[in-house]
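Shown below: entry.txt, with compact mmCIF, C-alpha atoms.
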# COMPACT_ATOMS: atom_id res chain seq x y z
CA MET H 954 -36.37 -71.25 -43.77
CA GLU H 955 -39.81 -71.30 -44.26
CA GLU H 956 -41.82 -68.19 -43.93
CA GLU H 957 -44.92 -68.49 -42.04
CA ASN H 958 -47.87 -66.95 -43.62
CA THR H 959 -49.58 -65.57 -40.60
CA GLN H 960 -51.99 -62.86 -40.90
CA ASP H 961 -52.81 -60.51 -38.11
CA SER H 962 -56.32 -61.25 -36.99
CA THR H 963 -56.95 -57.62 -36.36
CA GLY H 964 -55.57 -56.48 -39.68
CA SER H 965 -58.23 -57.15 -42.25
CA ASN H 966 -61.28 -57.42 -40.01
CA ALA H 967 -60.49 -54.38 -37.89
CA PRO H 968 -62.53 -51.83 -39.88
CA LEU H 969 -65.57 -54.13 -39.85
CA ILE H 970 -65.36 -54.77 -36.13
CA THR H 971 -64.82 -51.09 -35.45
CA ALA H 972 -67.91 -50.19 -37.49
CA ILE H 973 -70.06 -52.75 -35.67
CA VAL H 974 -68.91 -51.53 -32.26
CA LEU H 975 -69.50 -47.91 -33.28
CA ILE H 976 -73.05 -48.60 -34.57
CA ALA H 977 -73.91 -50.63 -31.47
CA SER H 978 -72.66 -47.82 -29.24
CA VAL H 979 -74.72 -45.22 -31.10
CA LEU H 980 -77.87 -47.37 -30.92
CA LEU H 981 -77.38 -48.07 -27.23
CA GLY H 982 -76.82 -44.37 -26.58
CA ILE H 983 -79.99 -43.41 -28.46
CA GLY H 984 -81.95 -46.09 -26.61
CA PHE H 985 -80.59 -44.96 -23.25
CA PHE H 986 -81.51 -41.31 -23.82
CA ALA H 987 -84.90 -42.20 -25.27
CA LEU H 988 -85.78 -44.34 -22.27
CA ARG H 989 -84.38 -41.85 -19.82
CA GLY H 990 -86.46 -39.02 -21.34
CA SER H 991 -89.71 -41.02 -21.21
CA LYS H 992 -89.36 -41.97 -17.55
CA LYS H 993 -91.00 -39.51 -15.26
CA THR H 994 -89.51 -38.84 -11.93
CA ILE H 995 -91.95 -39.35 -9.16
CA GLU H 996 -91.38 -36.96 -6.38
CA PRO H 997 -93.03 -37.44 -3.03
CA THR H 998 -96.04 -35.21 -2.59
CA GLN H 999 -96.34 -32.99 0.35
CA THR H 1000 -99.43 -33.31 2.43
CA THR H 1001 -100.62 -30.44 4.46
CA ASN H 1002 -103.25 -30.60 7.07
CA THR H 1003 -105.68 -27.90 6.01
CA SER H 1004 -109.30 -27.80 6.96
CA VAL H 1005 -111.94 -27.23 4.33
CA PRO H 1006 -114.80 -24.99 5.37
CA THR H 1007 -118.20 -26.64 5.26
CA ALA H 1008 -121.32 -24.99 3.98
CA THR H 1009 -124.44 -24.61 6.03
CA VAL H 1010 -127.66 -25.23 4.17
CA ALA H 1011 -130.86 -23.68 5.36
CA VAL H 1012 -133.98 -25.71 4.73
CA ALA H 1013 -137.16 -23.79 4.05
CA PRO H 1014 -140.31 -24.91 5.81
CA PRO H 1015 -142.75 -26.86 3.63
CA ILE H 1016 -145.24 -24.85 1.63
CA SER H 1017 -148.78 -25.42 2.72
CA SER H 1018 -150.82 -27.42 0.27
CA THR H 1019 -153.51 -24.78 0.01
CA SER H 1020 -151.17 -22.06 -1.26
CA ALA H 1021 -149.08 -24.28 -3.56
CA SER H 1022 -151.70 -26.06 -5.61
CA PRO H 1023 -153.61 -24.12 -8.23
CA SER H 1024 -157.32 -23.94 -7.89
CA PRO H 1025 -159.30 -26.20 -10.22
CA SER H 1026 -160.56 -23.20 -12.19
CA ASN H 1027 -156.97 -22.28 -13.21
CA VAL H 1028 -156.06 -25.73 -14.53
CA VAL H 1029 -156.65 -26.37 -18.21
CA THR H 1030 -156.96 -30.06 -18.89
CA PRO H 1031 -156.67 -31.18 -22.50
CA THR H 1032 -159.70 -33.11 -23.66
CA THR H 1033 -160.43 -35.60 -26.36
CA LYS H 1034 -163.42 -34.84 -28.50
CA THR H 1035 -165.01 -36.54 -31.48
CA ILE H 1036 -166.39 -34.38 -34.26
CA THR H 1037 -168.33 -35.73 -37.23
CA ILE H 1038 -167.82 -33.73 -40.42
CA THR H 1039 -169.97 -34.45 -43.42
CA GLY H 1040 -168.78 -33.80 -46.94
CA GLU H 1041 -170.97 -33.44 -49.97
CA ASN H 1042 -170.54 -31.78 -53.32
CA PHE H 1043 -168.41 -28.72 -52.62
CA SER H 1044 -169.15 -28.20 -48.90
CA PHE H 1045 -168.35 -29.42 -45.39
CA SER H 1046 -170.78 -29.44 -42.51
CA PRO H 1047 -169.82 -28.00 -40.09
CA ASN H 1048 -167.40 -25.70 -41.90
CA LYS H 1049 -165.95 -24.35 -38.64
CA ILE H 1050 -164.67 -26.32 -35.65
CA SER H 1051 -162.74 -25.17 -32.60
CA ALA H 1052 -160.50 -26.69 -29.95
CA LYS H 1053 -158.22 -25.71 -27.09
CA LEU H 1054 -154.46 -25.98 -27.34
CA GLY H 1055 -153.46 -29.53 -26.40
CA ASP H 1056 -156.83 -31.10 -27.18
CA THR H 1057 -157.04 -34.32 -29.14
CA ILE H 1058 -159.66 -34.18 -31.88
CA LYS H 1059 -160.99 -37.32 -33.48
CA ILE H 1060 -162.60 -36.39 -36.80
CA VAL H 1061 -165.05 -38.82 -38.34
CA PHE H 1062 -165.36 -37.75 -41.98
CA THR H 1063 -168.52 -39.02 -43.68
CA ASN H 1064 -169.20 -38.56 -47.39
CA ARG H 1065 -172.77 -37.95 -48.61
CA GLY H 1066 -172.12 -37.52 -52.30
CA GLY H 1067 -169.31 -37.82 -54.85
CA THR H 1068 -165.68 -38.62 -54.00
CA HIS H 1069 -163.98 -36.52 -51.33
CA ASP H 1070 -161.28 -36.42 -48.66
CA PHE H 1071 -160.47 -34.26 -45.63
CA VAL H 1072 -157.05 -32.53 -45.38
CA ILE H 1073 -155.34 -30.18 -42.90
CA ASP H 1074 -151.80 -29.49 -44.10
CA GLU H 1075 -150.46 -27.86 -40.91
CA PHE H 1076 -151.17 -31.01 -38.87
CA ASN H 1077 -150.22 -33.43 -41.65
CA VAL H 1078 -153.72 -34.92 -41.57
CA ARG H 1079 -155.42 -36.57 -44.55
CA THR H 1080 -158.22 -39.12 -44.83
CA LYS H 1081 -158.48 -41.59 -47.65
CA ARG H 1082 -160.53 -40.55 -50.68
CA ILE H 1083 -163.93 -42.01 -50.04
CA SER H 1084 -167.09 -42.45 -52.04
CA SER H 1085 -170.68 -41.60 -51.13
CA GLY H 1086 -171.82 -43.44 -48.00
CA GLU H 1087 -168.30 -44.17 -46.71
CA SER H 1088 -166.46 -42.79 -43.66
CA ASP H 1089 -162.85 -42.42 -42.56
CA THR H 1090 -161.40 -41.25 -39.25
CA VAL H 1091 -158.30 -39.18 -38.44
CA THR H 1092 -156.93 -37.86 -35.15
CA ILE H 1093 -155.38 -34.44 -34.61
CA VAL H 1094 -153.50 -33.17 -31.57
CA ALA H 1095 -154.04 -29.40 -31.44
CA SER H 1096 -150.37 -28.64 -30.79
CA LYS H 1097 -150.34 -25.06 -32.09
CA LYS H 1098 -152.64 -22.07 -31.85
CA GLY H 1099 -154.17 -20.45 -34.88
CA THR H 1100 -156.76 -20.81 -37.62
CA PHE H 1101 -156.15 -23.67 -40.02
CA GLU H 1102 -157.99 -24.44 -43.23
CA TYR H 1103 -159.33 -27.90 -43.90
CA TYR H 1104 -160.30 -28.79 -47.45
CA CYS H 1105 -161.06 -31.47 -50.02
CA SER H 1106 -158.07 -32.12 -52.29
CA VAL H 1107 -160.04 -33.88 -55.05
CA GLY H 1108 -159.89 -32.02 -58.35
CA THR H 1109 -160.98 -28.39 -58.00
CA HIS H 1110 -163.25 -29.02 -54.99
CA ARG H 1111 -161.19 -26.71 -52.76
CA ALA H 1112 -161.41 -23.86 -55.29
CA MET H 1113 -165.14 -24.51 -55.57
CA GLY H 1114 -165.61 -23.82 -51.85
CA MET H 1115 -165.15 -27.21 -50.18
CA VAL H 1116 -163.21 -25.69 -47.26
CA GLY H 1117 -163.63 -25.13 -43.53
CA LYS H 1118 -161.72 -23.74 -40.56
CA LEU H 1119 -160.20 -25.34 -37.48
CA ILE H 1120 -159.61 -22.72 -34.78
CA VAL H 1121 -157.23 -23.66 -31.96
CA GLU H 1122 -157.23 -21.25 -29.00

Any chance you could put this one into structure tokens?
Amino acid sequence: MEEENTQDSTGSNAPLITAIVLIASVLLGIGFFALRGSKKTIEPTQTTNTSVPTATVAVAPPISSTSASPSPSNVVTPTTKTITITGENFSFSPNKISAKLGDTIKIVFTNRGGTHDFVIDEFNVRTKRISSGESDTVTIVASKKGTFEYYCSVGTHRAMGMVGKLIVE
């Protein structure tokens, strides 16, 4: 008799199949719980019929134009003014100028001798250095109150007295 060499199909492959089924089950279980946890249950909302109180707004009568508007004497209107300042060896003329807060001042600096400029540090204003007979113009907005020195920055001209004052009130 001949012996048949039959091998049980579940014999040698059984551990491999069991492992695959086990891994698949674990992965499906993890996926199921992960998806289940991320889904939010939507519960029906309850609606109640409540009334919301409304506010009553009182409107004031209009203010008469005579009492609301300031009189012209109380209003300060900024102005624009042009001032010519002449520089010559170690002096400015005039050496004192004044303005109101908010005014715009156009300074025409004219040189009558030597090489000079006109500087006000606090307003970041500076003309070009000019020679005798030349002029340069700068504009200042008097945005702060106080007394501010203007001067010539050439050499030692400032130390030698080439200074003036801008007074903003």

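Distance-wise, atom CA of H:Ile983 and atom CA of H:Ile970 end up 20.0 Å apart.
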
Return as lines of an AutoDock Vina configuration file the centre and edge lengths, in Å with one decimal, of the box along x, y and z that encloses every atom of stretch 1079-1084 of chain H in the file, padded by 3 Å per side.
center_x = -161.3
center_y = -39.5
center_z = -48.3
size_x = 17.7
size_y = 11.9
size_z = 13.5

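One distance worth recording is that between atom CA of H:Thr1092 and atom CA of H:Phe1045, which is 17.5 Å.
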
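Atom pair atom CA of H:Leu980 / atom CA of H:Ser965 has a distance of 24.7 Å (rounded to one decimal).
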
Q | Polymer residues at most 10 Å from H:Leu1119, all atoms listed in the file, same-chain spacing of 3 or more positions, as a PyMOL selection string | A | chain H and resi 1048-1052+1073+1095+1098-1103+1122

List the spatial neighbours of H:Arg1082 as JSON, numbers by chain - criterion: any atom at most 7 Å away, all atoms listed in the file, same-chain residues fewer than 3 positions off excluded. {"H": [1068, 1069, 1070]}

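The smallest atom-to-atom distance between H:Val1121 and any of H:Gly1067, H:Gly1086, H:Gly1055, H:Gly1108, using all atoms listed in the file, is found for H:Gly1055.
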
Closest of H:Asn966, H:Thr1063, H:Ser1044, H:Thr971 to H:Gly1117, counting only C-alpha atoms, is H:Ser1044

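Near H:Phe1071, within 10 Å and counting all atoms listed in the file, sit Ile1038, Thr1039, Gly1040, Phe1045, Ile1060, Val1061, Phe1062, Thr1063, Asn1064, Val1078, Arg1079, Thr1080, Lys1081, Arg1082, Ile1083, Asp1089, Thr1090, Val1091, Tyr1103, Tyr1104, Cys1105, Ser1106, Val1107, Met1115, Val1116 and Gly1117 of chain H; same-chain residues fewer than 5 positions away were not included.
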